[in-house]
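Shown next: target-v2.txt, containing compact mmCIF, C-alpha atoms.
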```txt
# COMPACT_ATOMS: atom_id res chain seq x y z
CA MET A 4 47.84 6.84 47.23
CA ASP A 5 50.64 7.13 44.63
CA ALA A 6 53.16 7.87 47.37
CA MET A 7 52.01 4.81 49.32
CA ARG A 8 52.40 2.60 46.22
CA VAL A 9 55.92 3.90 45.68
CA PHE A 10 56.76 3.25 49.35
CA ARG A 11 55.44 -0.31 49.19
CA ALA A 12 57.29 -0.96 45.94
CA VAL A 13 60.56 0.25 47.51
CA CYS A 14 59.97 -1.97 50.56
CA ALA A 15 59.28 -4.97 48.30
CA SER A 16 62.52 -4.34 46.40
CA LEU A 17 64.50 -4.13 49.64
CA LEU A 18 62.97 -7.37 50.88
CA MET A 19 63.88 -9.06 47.61
CA LEU A 20 67.47 -7.80 47.90
CA LEU A 21 67.82 -9.03 51.47
CA SER A 22 66.34 -12.42 50.57
CA SER A 23 68.76 -12.77 47.68
CA VAL A 24 71.73 -11.96 49.89
CA HIS A 25 70.80 -14.54 52.53
CA GLY A 26 69.77 -17.19 50.03
CA PHE A 27 67.20 -19.94 50.43
CA SER A 28 67.58 -23.61 51.22
CA THR A 29 63.87 -24.41 50.91
CA LEU A 30 61.04 -23.22 48.68
CA ILE A 31 57.46 -23.79 49.86
CA THR A 32 54.76 -23.31 47.26
CA PHE A 33 51.09 -23.16 48.16
CA ASP A 34 47.97 -23.89 46.19
CA VAL A 35 45.24 -21.37 47.05
CA ASP A 36 41.67 -22.70 46.97
CA GLY A 37 41.11 -25.50 49.48
CA THR A 38 44.65 -25.12 50.85
CA LEU A 39 44.95 -21.56 52.15
CA VAL A 40 41.41 -20.46 51.43
CA SER A 41 38.03 -22.10 51.93
CA SER A 42 35.24 -21.83 49.43
CA SER A 43 31.74 -21.61 50.86
CA PRO A 44 28.45 -21.78 48.97
CA GLY A 45 28.30 -18.71 46.79
CA TRP A 46 31.99 -18.69 45.73
CA GLU A 47 30.86 -18.83 42.12
CA LYS A 48 29.11 -15.48 42.61
CA GLY A 49 32.23 -13.80 43.93
CA ALA A 50 34.48 -11.65 41.78
CA HIS A 51 36.74 -14.49 40.60
CA GLY A 52 33.87 -16.87 39.87
CA ARG A 53 31.93 -14.28 37.88
CA SER A 54 35.00 -13.14 35.97
CA PHE A 55 35.13 -16.40 33.96
CA ILE A 56 31.66 -15.93 32.52
CA HIS A 57 32.31 -12.26 31.84
CA ALA A 58 35.61 -12.92 30.03
CA VAL A 59 34.32 -15.68 27.76
CA ASP A 60 31.22 -13.63 26.91
CA LYS A 61 33.26 -10.51 26.23
CA VAL A 62 36.04 -12.03 24.13
CA LEU A 63 34.34 -14.90 22.29
CA GLY A 64 30.64 -14.19 22.35
CA ARG A 65 28.43 -11.26 23.08
CA ASP A 66 27.76 -9.64 26.43
CA ASP A 67 25.61 -11.90 28.61
CA ALA A 68 25.53 -14.71 26.04
CA PHE A 69 25.46 -17.15 28.94
CA GLY A 70 22.78 -15.14 30.72
CA PRO A 71 23.29 -12.59 33.50
CA SER A 72 23.04 -15.11 36.34
CA ALA A 73 24.94 -18.05 34.84
CA THR A 74 27.55 -19.70 37.08
CA ILE A 75 30.39 -22.15 36.54
CA PRO A 76 28.70 -25.06 38.44
CA GLU A 77 25.65 -24.64 36.19
CA LEU A 78 27.69 -24.72 32.99
CA LEU A 79 30.40 -27.30 33.71
CA GLU A 80 30.65 -30.67 35.42
CA SER A 81 32.54 -30.54 38.74
CA HIS A 82 35.52 -32.48 37.34
CA GLU A 83 35.89 -29.79 34.68
CA PHE A 84 36.71 -27.08 37.20
CA HIS A 85 37.68 -28.66 40.56
CA GLY A 86 41.48 -28.81 40.73
CA SER A 87 41.80 -27.29 37.27
CA THR A 88 43.45 -24.06 36.12
CA ASP A 89 41.82 -20.81 35.06
CA GLY A 90 43.02 -21.26 31.48
CA LEU A 91 41.55 -24.74 31.08
CA ILE A 92 38.28 -23.62 32.71
CA LEU A 93 38.08 -20.74 30.23
CA MET A 94 38.59 -23.14 27.34
CA ARG A 95 35.86 -25.48 28.60
CA LEU A 96 33.47 -22.57 29.03
CA ALA A 97 34.33 -21.41 25.51
CA ARG A 98 33.34 -24.83 24.14
CA ARG A 99 30.09 -24.67 26.10
CA LEU A 100 29.34 -21.20 24.72
CA LEU A 101 30.22 -21.83 21.09
CA GLY A 102 28.98 -25.41 20.77
CA SER A 103 29.54 -26.87 17.30
CA SER A 104 31.33 -23.71 16.15
CA PHE A 105 34.01 -24.10 18.82
CA ASP A 106 37.51 -24.06 17.36
CA LYS A 107 40.13 -25.14 19.89
CA ASP A 108 43.00 -23.34 18.17
CA VAL A 109 41.08 -20.09 17.92
CA ALA A 110 39.94 -20.28 21.53
CA SER A 111 43.45 -21.17 22.69
CA SER A 112 44.85 -18.12 20.91
CA LYS A 113 42.39 -16.00 22.89
CA VAL A 114 43.18 -17.43 26.35
CA GLN A 115 45.56 -14.64 27.38
CA GLU A 116 43.05 -12.02 26.23
CA MET A 117 40.34 -13.75 28.27
CA MET A 118 42.61 -13.85 31.32
CA ARG A 119 43.26 -10.13 30.94
CA GLU A 120 39.51 -9.58 30.75
CA MET A 121 39.04 -11.68 33.89
CA TYR A 122 41.54 -9.48 35.69
CA ARG A 123 39.93 -6.28 34.42
CA PHE A 124 36.62 -7.49 35.84
CA VAL A 125 38.14 -8.31 39.23
CA SER A 126 40.19 -5.09 39.33
CA GLU A 127 36.96 -3.10 39.30
CA CYS A 128 35.70 -4.94 42.40
CA ASP A 129 36.47 -3.89 45.96
CA ASP A 130 38.05 -6.22 48.52
CA LYS A 131 34.67 -7.23 49.92
CA GLN A 132 33.51 -8.38 46.49
CA VAL A 133 36.81 -10.18 45.85
CA GLY A 134 36.39 -11.99 49.19
CA THR A 135 32.77 -13.04 48.61
CA GLY A 136 32.33 -16.76 49.25
CA ILE A 137 35.98 -17.31 50.27
CA ALA A 138 37.92 -16.91 53.51
CA PRO A 139 41.28 -17.92 54.98
CA LEU A 140 41.09 -21.39 56.45
CA PRO A 141 41.29 -21.40 60.28
CA GLY A 142 44.84 -20.95 61.56
CA VAL A 143 46.38 -20.29 58.14
CA ILE A 144 47.29 -16.66 58.83
CA ASP A 145 49.06 -17.60 62.09
CA THR A 146 51.05 -20.34 60.33
CA LEU A 147 52.11 -18.02 57.53
CA LYS A 148 53.17 -15.38 60.07
CA SER A 149 55.27 -17.99 61.88
CA ILE A 150 57.07 -18.92 58.67
CA SER A 151 57.64 -15.25 57.84
CA GLU A 152 59.01 -14.42 61.28
CA SER A 153 61.09 -17.52 62.02
CA TYR A 154 62.54 -18.98 58.81
CA ASP A 155 64.76 -16.60 56.86
CA ASP A 156 66.11 -19.36 54.64
CA VAL A 157 62.65 -20.36 53.37
CA ALA A 158 61.24 -18.81 50.21
CA VAL A 159 57.44 -18.88 49.88
CA GLY A 160 55.27 -18.54 46.79
CA LEU A 161 52.03 -19.62 45.22
CA VAL A 162 51.57 -22.31 42.59
CA THR A 163 47.97 -21.92 41.56
CA GLY A 164 45.74 -22.13 38.54
CA ASN A 165 44.56 -18.59 39.31
CA VAL A 166 45.38 -15.71 37.00
CA GLU A 167 48.31 -13.92 38.65
CA GLY A 168 46.65 -10.53 39.05
CA ILE A 169 43.59 -12.18 40.59
CA ALA A 170 45.74 -14.23 42.97
CA ARG A 171 47.40 -11.00 44.14
CA ARG A 172 44.01 -9.40 44.77
CA LYS A 173 42.78 -12.47 46.68
CA MET A 174 45.83 -12.48 48.94
CA LYS A 175 45.35 -8.78 49.64
CA ALA A 176 41.59 -8.95 50.18
CA LEU A 177 41.84 -11.87 52.62
CA GLY A 178 44.76 -10.47 54.62
CA LEU A 179 47.24 -13.19 53.65
CA LEU A 180 49.52 -10.65 52.01
CA ASP A 181 49.80 -8.85 55.34
CA THR A 182 51.63 -11.85 56.82
CA ASN A 183 54.68 -10.82 54.71
CA VAL A 184 55.36 -14.49 54.03
CA PHE A 185 55.46 -14.32 50.24
CA THR A 186 58.88 -13.73 48.75
CA SER A 187 58.98 -10.43 46.89
CA LEU A 188 60.06 -10.17 43.27
CA GLY A 189 61.71 -7.34 41.40
CA ASP A 190 60.11 -5.34 38.62
CA SER A 191 61.61 -7.60 35.95
CA GLN A 192 59.92 -10.74 37.30
CA GLY A 193 56.44 -11.96 36.46
CA THR A 194 53.79 -10.14 34.48
CA GLU A 195 52.47 -6.61 34.77
CA TRP A 196 48.96 -6.35 36.18
CA GLU A 197 47.79 -2.76 36.34
CA GLY A 198 46.84 -1.61 39.82
CA VAL A 199 48.66 -4.35 41.74
CA GLU A 200 52.25 -3.73 40.63
CA GLU A 201 53.37 -3.29 44.23
CA LEU A 202 51.91 -6.68 45.18
CA ARG A 203 54.35 -8.65 43.03
CA PHE A 204 55.51 -11.88 44.73
CA LEU A 205 56.95 -15.29 43.90
CA GLY A 206 54.75 -17.80 42.15
CA GLY A 207 53.73 -19.82 39.13
CA PHE A 208 50.23 -18.96 37.95
CA GLY A 209 47.48 -20.03 35.60
CA SER A 210 48.30 -17.03 33.44
CA ASP A 211 51.90 -18.24 33.04
CA TYR A 212 51.04 -21.46 31.24
CA CYS A 213 48.01 -23.10 29.63
CA SER A 214 48.25 -26.11 27.32
CA GLY A 215 44.69 -25.67 26.03
CA SER A 216 44.18 -29.46 26.16
CA ILE A 217 40.68 -29.60 27.60
CA ASP A 218 39.82 -33.25 26.89
CA ASP A 219 43.01 -34.65 28.39
CA PHE A 220 42.30 -34.36 32.10
CA SER A 221 45.90 -35.22 32.94
CA ARG A 222 46.58 -31.65 31.84
CA ASN A 223 44.93 -30.48 35.09
CA HIS A 224 48.09 -31.58 36.87
CA LEU A 225 50.59 -31.34 34.03
CA ASP A 226 49.74 -27.66 33.46
CA ARG A 227 50.14 -27.11 37.18
CA GLY A 228 53.48 -28.94 37.03
CA GLU A 229 54.64 -26.40 34.44
CA GLN A 230 53.51 -23.60 36.74
CA LEU A 231 55.53 -25.18 39.55
CA ALA A 232 58.58 -25.29 37.29
CA ILE A 233 58.13 -21.60 36.47
CA CYS A 234 57.95 -20.74 40.17
CA VAL A 235 61.15 -22.65 40.92
CA GLN A 236 62.97 -20.91 38.07
CA ARG A 237 61.86 -17.52 39.38
CA CYS A 238 63.11 -18.41 42.84
CA LEU A 239 66.49 -19.49 41.49
CA SER A 240 66.77 -16.30 39.44
CA ILE A 241 66.67 -14.04 42.52
CA MET A 242 69.30 -16.03 44.44
CA ASP A 243 72.96 -15.09 44.41
CA ASP A 244 73.86 -18.78 44.65
CA PRO A 245 71.10 -20.99 43.18
CA SER A 246 72.90 -24.13 44.34
CA GLN A 247 71.86 -23.27 47.92
CA LEU A 248 68.28 -24.29 47.14
CA ARG A 249 68.05 -27.92 48.22
CA ARG A 250 64.35 -28.73 48.31
CA ILE A 251 60.94 -27.69 47.06
CA ILE A 252 57.77 -28.46 49.02
CA HIS A 253 54.43 -28.07 47.25
CA VAL A 254 51.34 -27.87 49.45
CA GLY A 255 47.88 -28.59 48.08
CA ASP A 256 44.49 -30.18 48.64
CA ALA A 257 43.78 -31.72 45.24
CA PRO A 258 44.99 -34.74 43.26
CA ALA A 259 46.34 -32.24 40.71
CA ASP A 260 48.66 -30.85 43.39
CA VAL A 261 50.11 -34.25 44.27
CA LEU A 262 50.52 -35.24 40.65
CA ALA A 263 51.96 -31.86 39.67
CA ALA A 264 54.68 -32.23 42.27
CA ARG A 265 55.39 -35.80 41.09
CA SER A 266 55.62 -34.61 37.49
CA TYR A 267 58.16 -31.96 38.47
CA VAL A 268 60.52 -34.67 39.73
CA GLU A 269 61.15 -35.54 36.06
CA HIS A 270 60.92 -32.01 34.68
CA SER A 271 63.70 -31.00 32.32
CA THR A 272 64.39 -27.77 34.21
CA LYS A 273 64.65 -29.28 37.70
CA PRO A 274 68.15 -28.94 39.18
CA THR A 275 69.66 -32.39 39.68
CA ASP A 276 70.23 -32.06 43.42
CA LEU A 277 66.86 -30.47 44.23
CA SER A 278 64.59 -32.79 46.23
CA VAL A 279 60.83 -32.55 45.75
CA SER A 280 58.17 -33.01 48.42
CA VAL A 281 54.42 -32.65 48.52
CA VAL A 282 52.33 -32.02 51.62
CA GLY A 283 48.76 -33.03 50.88
CA VAL A 284 45.98 -31.52 52.98
CA SER A 285 42.38 -32.72 53.06
CA THR A 286 40.96 -29.26 53.74
CA GLY A 287 39.34 -28.99 50.32
CA SER A 288 37.18 -31.36 48.30
CA TYR A 289 39.33 -34.50 48.49
CA SER A 290 39.98 -37.12 51.15
CA VAL A 291 43.21 -38.31 52.74
CA GLU A 292 42.80 -41.62 50.94
CA GLU A 293 42.34 -39.99 47.52
CA LEU A 294 45.53 -37.98 47.96
CA SER A 295 47.56 -40.82 49.51
CA ASP A 296 46.72 -43.20 46.67
CA LEU A 297 48.44 -40.86 44.21
CA CYS A 298 51.65 -40.24 46.15
CA GLY A 299 53.66 -43.28 45.16
CA ASP A 300 56.67 -44.46 47.13
CA GLU A 301 59.25 -42.24 48.73
CA VAL A 302 62.60 -42.05 46.95
CA GLU A 303 65.26 -40.84 49.36
CA GLY A 304 66.65 -37.47 48.40
CA VAL A 305 64.37 -37.27 45.36
CA TRP A 306 60.69 -37.56 46.30
CA LEU A 307 59.07 -37.28 49.74
CA PRO A 308 55.25 -37.37 49.77
CA ILE A 309 53.36 -36.58 52.98
CA VAL A 310 49.59 -36.43 53.46
CA LEU A 311 48.32 -34.99 56.73
CA GLU A 312 45.57 -36.69 58.70
CA HIS A 313 41.91 -35.93 58.07
CA GLY A 314 41.07 -32.31 58.86
CA GLU A 315 44.70 -31.30 59.32
CA GLY A 316 46.13 -28.61 57.10
CA VAL A 317 48.20 -25.48 56.89
CA GLY A 318 46.26 -24.01 59.80
CA ASN A 319 47.54 -26.70 62.17
CA ARG A 320 50.80 -24.83 62.64
CA ASP A 321 53.06 -27.27 64.47
CA ILE A 322 51.80 -30.29 62.53
CA PHE A 323 52.29 -28.50 59.25
CA LEU A 324 55.73 -27.10 60.07
CA ARG A 325 56.84 -30.54 61.21
CA ALA A 326 55.63 -32.06 57.92
CA CYS A 327 57.76 -29.47 56.10
CA GLY A 328 60.79 -30.37 58.20
CA LEU A 329 60.86 -26.93 59.79
CA LEU A 330 59.96 -28.03 63.30
CA ARG A 331 61.56 -30.97 65.07
```

Using the file provided, produce a representation of the structure as structure tokens.
Amino acid sequence: MDAMRVFRAVCASLLMLLSSVHGFSTLITFDVDGTLVSSSPGWEKGAHGRSFIHAVDKVLGRDDAFGPSATIPELLESHEFHGSTDGLILMRLARRLLGSSFDKDVASSKVQEMMREMYRFVSECDDKQVGTGIAPLPGVIDTLKSISESYDDVAVGLVTGNVEGIARRKMKALGLLDTNVFTSLGDSQGTEWEGVEELRFLGGFGSDYCSGSIDDFSRNHLDRGEQLAICVQRCLSIMDDPSQLRRIIHVGDAPADVLAARSYVEHSTKPTDLSVSVVGVSTGSYSVEELSDLCGDEVEGVWLPIVLEHGEGVGNRDIFLRACGLLR
């Protein structure tokens, strides 16, 4: 097992080196839930869903303070977790647990510890448990393979509210990592997550940034916008010539994805000549109309919003690649 991990780590390093030499003109970032992965009834009882309750109980309360069978949909309103980030969900659960004794600053100082506890919980689960209640959306694996095999100048990462270590486990458990589409990172990039070191790939994650602002629901997208900025910076850092990167395309199913991409247009770290696009997909909980209403007007060379038709998403390979400008 150790030898296999070393082999995979060496392969990842070689892939990173080759990618850096060739350079990238385009970065595609994917949301996970509702975009690459479907959530069926019972997702809240899977490893990721249960890890929230476990972490808040363990760090801020006492074991099973919520009760052994408590779930996120029972404890929070849907708008408090749909399209949100793991950090903000943890904070909202902390307020629910502690009630009048909830101290936002104290809870915020414990977010990273709670995220680590979430990952510890998931790391003890096998792939079947990690995959409970979730599955790749139809056609997604084929599309990701096509990008991996045909577009050397495209970098691919995740921008997701998920804790990074948990996102790595999800991609492995569901077979998405096997597509080899995600751009590998070196040992100096990202955060260490014990047991999945060899699965390190490009992204901006819920564990990278959390504002802690749980009553300002604009933070659902603004936090994600910060995660997008982190992902872009990581991509630029592995390129020999960062000026080769000309556009970023964020793909997501939620209003927070559209608005996060829009917020990045004005982000202080965005390179001046980098154009920003969003490809909205209605394969999650939101409609084409809900996503389209948030897109705003196209600004040539700056902002290009696209929302696919109802039911169309990443799994519709040619339609999706055409929306990304990869297929004419």

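Each of A:Ser290, A:Ser54, A:Thr194, A:Ser278 was compared to A:Ile92 using all atoms listed in the file, and A:Ser54 turns out to be the nearest.
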
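Taking atom CA of A:Leu294 as the reference point, atom CA of A:Asn223 is found at 14.9 Å.
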
Within 10 Å of stretch 27-45 of chain A, which residues of stretch 240-296 of chain A come that close, and what is the closest atom pair and distance in Å for each? Count all atoms listed in the file and give it as JSON lines.
```
{"residue": "A:Ile241", "atom": "CA", "partner": "A:Phe27", "partner_atom": "CA", "distance": 9.9}
{"residue": "A:Met242", "atom": "CA", "partner": "A:Phe27", "partner_atom": "CA", "distance": 7.5}
{"residue": "A:Asp243", "atom": "CA", "partner": "A:Phe27", "partner_atom": "CA", "distance": 9.6}
{"residue": "A:Asp244", "atom": "CA", "partner": "A:Phe27", "partner_atom": "CA", "distance": 8.9}
{"residue": "A:Pro245", "atom": "CA", "partner": "A:Phe27", "partner_atom": "CA", "distance": 8.3}
{"residue": "A:Ser246", "atom": "CA", "partner": "A:Ser28", "partner_atom": "CA", "distance": 8.7}
{"residue": "A:Gln247", "atom": "CA", "partner": "A:Ser28", "partner_atom": "CA", "distance": 5.4}
{"residue": "A:Leu248", "atom": "CA", "partner": "A:Ser28", "partner_atom": "CA", "distance": 4.2}
{"residue": "A:Arg249", "atom": "CA", "partner": "A:Ser28", "partner_atom": "CA", "distance": 5.3}
{"residue": "A:Arg250", "atom": "CA", "partner": "A:Thr29", "partner_atom": "CA", "distance": 5.1}
{"residue": "A:Ile251", "atom": "CA", "partner": "A:Leu30", "partner_atom": "CA", "distance": 4.8}
{"residue": "A:Ile252", "atom": "CA", "partner": "A:Ile31", "partner_atom": "CA", "distance": 4.8}
{"residue": "A:His253", "atom": "CA", "partner": "A:Thr32", "partner_atom": "CA", "distance": 4.8}
{"residue": "A:Val254", "atom": "CA", "partner": "A:Phe33", "partner_atom": "CA", "distance": 4.9}
{"residue": "A:Gly255", "atom": "CA", "partner": "A:Asp34", "partner_atom": "CA", "distance": 5.1}
{"residue": "A:Asp256", "atom": "CA", "partner": "A:Thr38", "partner_atom": "CA", "distance": 5.5}
{"residue": "A:Ala257", "atom": "CA", "partner": "A:Gly37", "partner_atom": "CA", "distance": 8.0}
{"residue": "A:Asp260", "atom": "CA", "partner": "A:Asp34", "partner_atom": "CA", "distance": 7.5}
{"residue": "A:Leu277", "atom": "CA", "partner": "A:Thr29", "partner_atom": "CA", "distance": 9.5}
{"residue": "A:Ser278", "atom": "CA", "partner": "A:Thr29", "partner_atom": "CA", "distance": 9.6}
{"residue": "A:Val279", "atom": "CA", "partner": "A:Leu30", "partner_atom": "CA", "distance": 9.8}
{"residue": "A:Ser280", "atom": "CA", "partner": "A:Ile31", "partner_atom": "CA", "distance": 9.4}
{"residue": "A:Val281", "atom": "CA", "partner": "A:Thr32", "partner_atom": "CA", "distance": 9.4}
{"residue": "A:Val282", "atom": "CA", "partner": "A:Phe33", "partner_atom": "CA", "distance": 9.6}
{"residue": "A:Gly283", "atom": "CA", "partner": "A:Thr38", "partner_atom": "CA", "distance": 8.9}
{"residue": "A:Val284", "atom": "CA", "partner": "A:Thr38", "partner_atom": "CA", "distance": 6.9}
{"residue": "A:Ser285", "atom": "CA", "partner": "A:Gly37", "partner_atom": "CA", "distance": 8.2}
{"residue": "A:Thr286", "atom": "CA", "partner": "A:Gly37", "partner_atom": "CA", "distance": 5.7}
{"residue": "A:Gly287", "atom": "CA", "partner": "A:Gly37", "partner_atom": "CA", "distance": 4.0}
{"residue": "A:Ser288", "atom": "CA", "partner": "A:Gly37", "partner_atom": "CA", "distance": 7.2}
{"residue": "A:Tyr289", "atom": "CA", "partner": "A:Gly37", "partner_atom": "CA", "distance": 9.2}
```

So which one's closest to A:Asp106, A:Met94, A:Leu180, A:Met121, A:Ile150? Using all atoms listed in the file, please.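 Closest to A:Asp106 of all the choices is A:Met94.
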
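Atom CA of A:Val114 is found 11.1 Å from atom CA of A:Arg95.
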
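For the pair atom CA of A:Arg227 and atom CA of A:Ile169, the interatomic distance is 16.7 Å.
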
So which residues touch A:Asp108 within 9 Å, counting only C-alpha atoms, skipping near sequence neighbours fewer than 4 positions away, as an mmCIF file with C-alpha atoms, in the coordinates of the input?
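Output contents, as saved in result_5.cif:
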```cif
data_model
loop_
_atom_site.group_PDB
_atom_site.id
_atom_site.type_symbol
_atom_site.label_atom_id
_atom_site.label_comp_id
_atom_site.auth_asym_id
_atom_site.auth_seq_id
_atom_site.Cartn_x
_atom_site.Cartn_y
_atom_site.Cartn_z
ATOM 1 C CA SER A 112 44.850 -18.120 20.910
ATOM 2 C CA LYS A 113 42.390 -16.000 22.890
ATOM 3 C CA GLY A 215 44.690 -25.670 26.030
#
```

I'd like to know which of A:Ala68, A:Leu140, A:Val261, A:Leu202 is closest to A:Gly318, using all atoms listed in the file. A:Leu140

Quick one: everything within 10 Å of stretch 70-73 of chain A, counting only C-alpha atoms, minus sequence neighbours fewer than 3 positions away in the same chain. Send it as number ranges by chain. A: 47-48, 53, 56-57, 60, 66-67, 76-78

Calculated over only C-alpha atoms, which of the candidates A:Leu329, A:Asn319, A:Ile217, A:Gln230 has the smallest distance to A:Pro141?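 Checking each of A:Leu329, A:Asn319, A:Ile217, A:Gln230 against A:Pro141, counting only C-alpha atoms, the winner is A:Asn319.
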
Nearest residue to A:Glu315 from the set A:Leu79, A:Val162, A:Val302, A:Val291 (distances using only C-alpha atoms):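 Of the candidates, the smallest distance to A:Glu315 is held by A:Val291.
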
Hey, what's within 10 Å of A:Ser126 if we count all atoms listed in the file and toss same-chain stuff fewer than 5 positions away? As a list in words, please? Ala50, Glu120, Met121, Val133, Gly168, Ile169, Arg172, Trp196, Glu197, Gly198 and Val199 of chain A
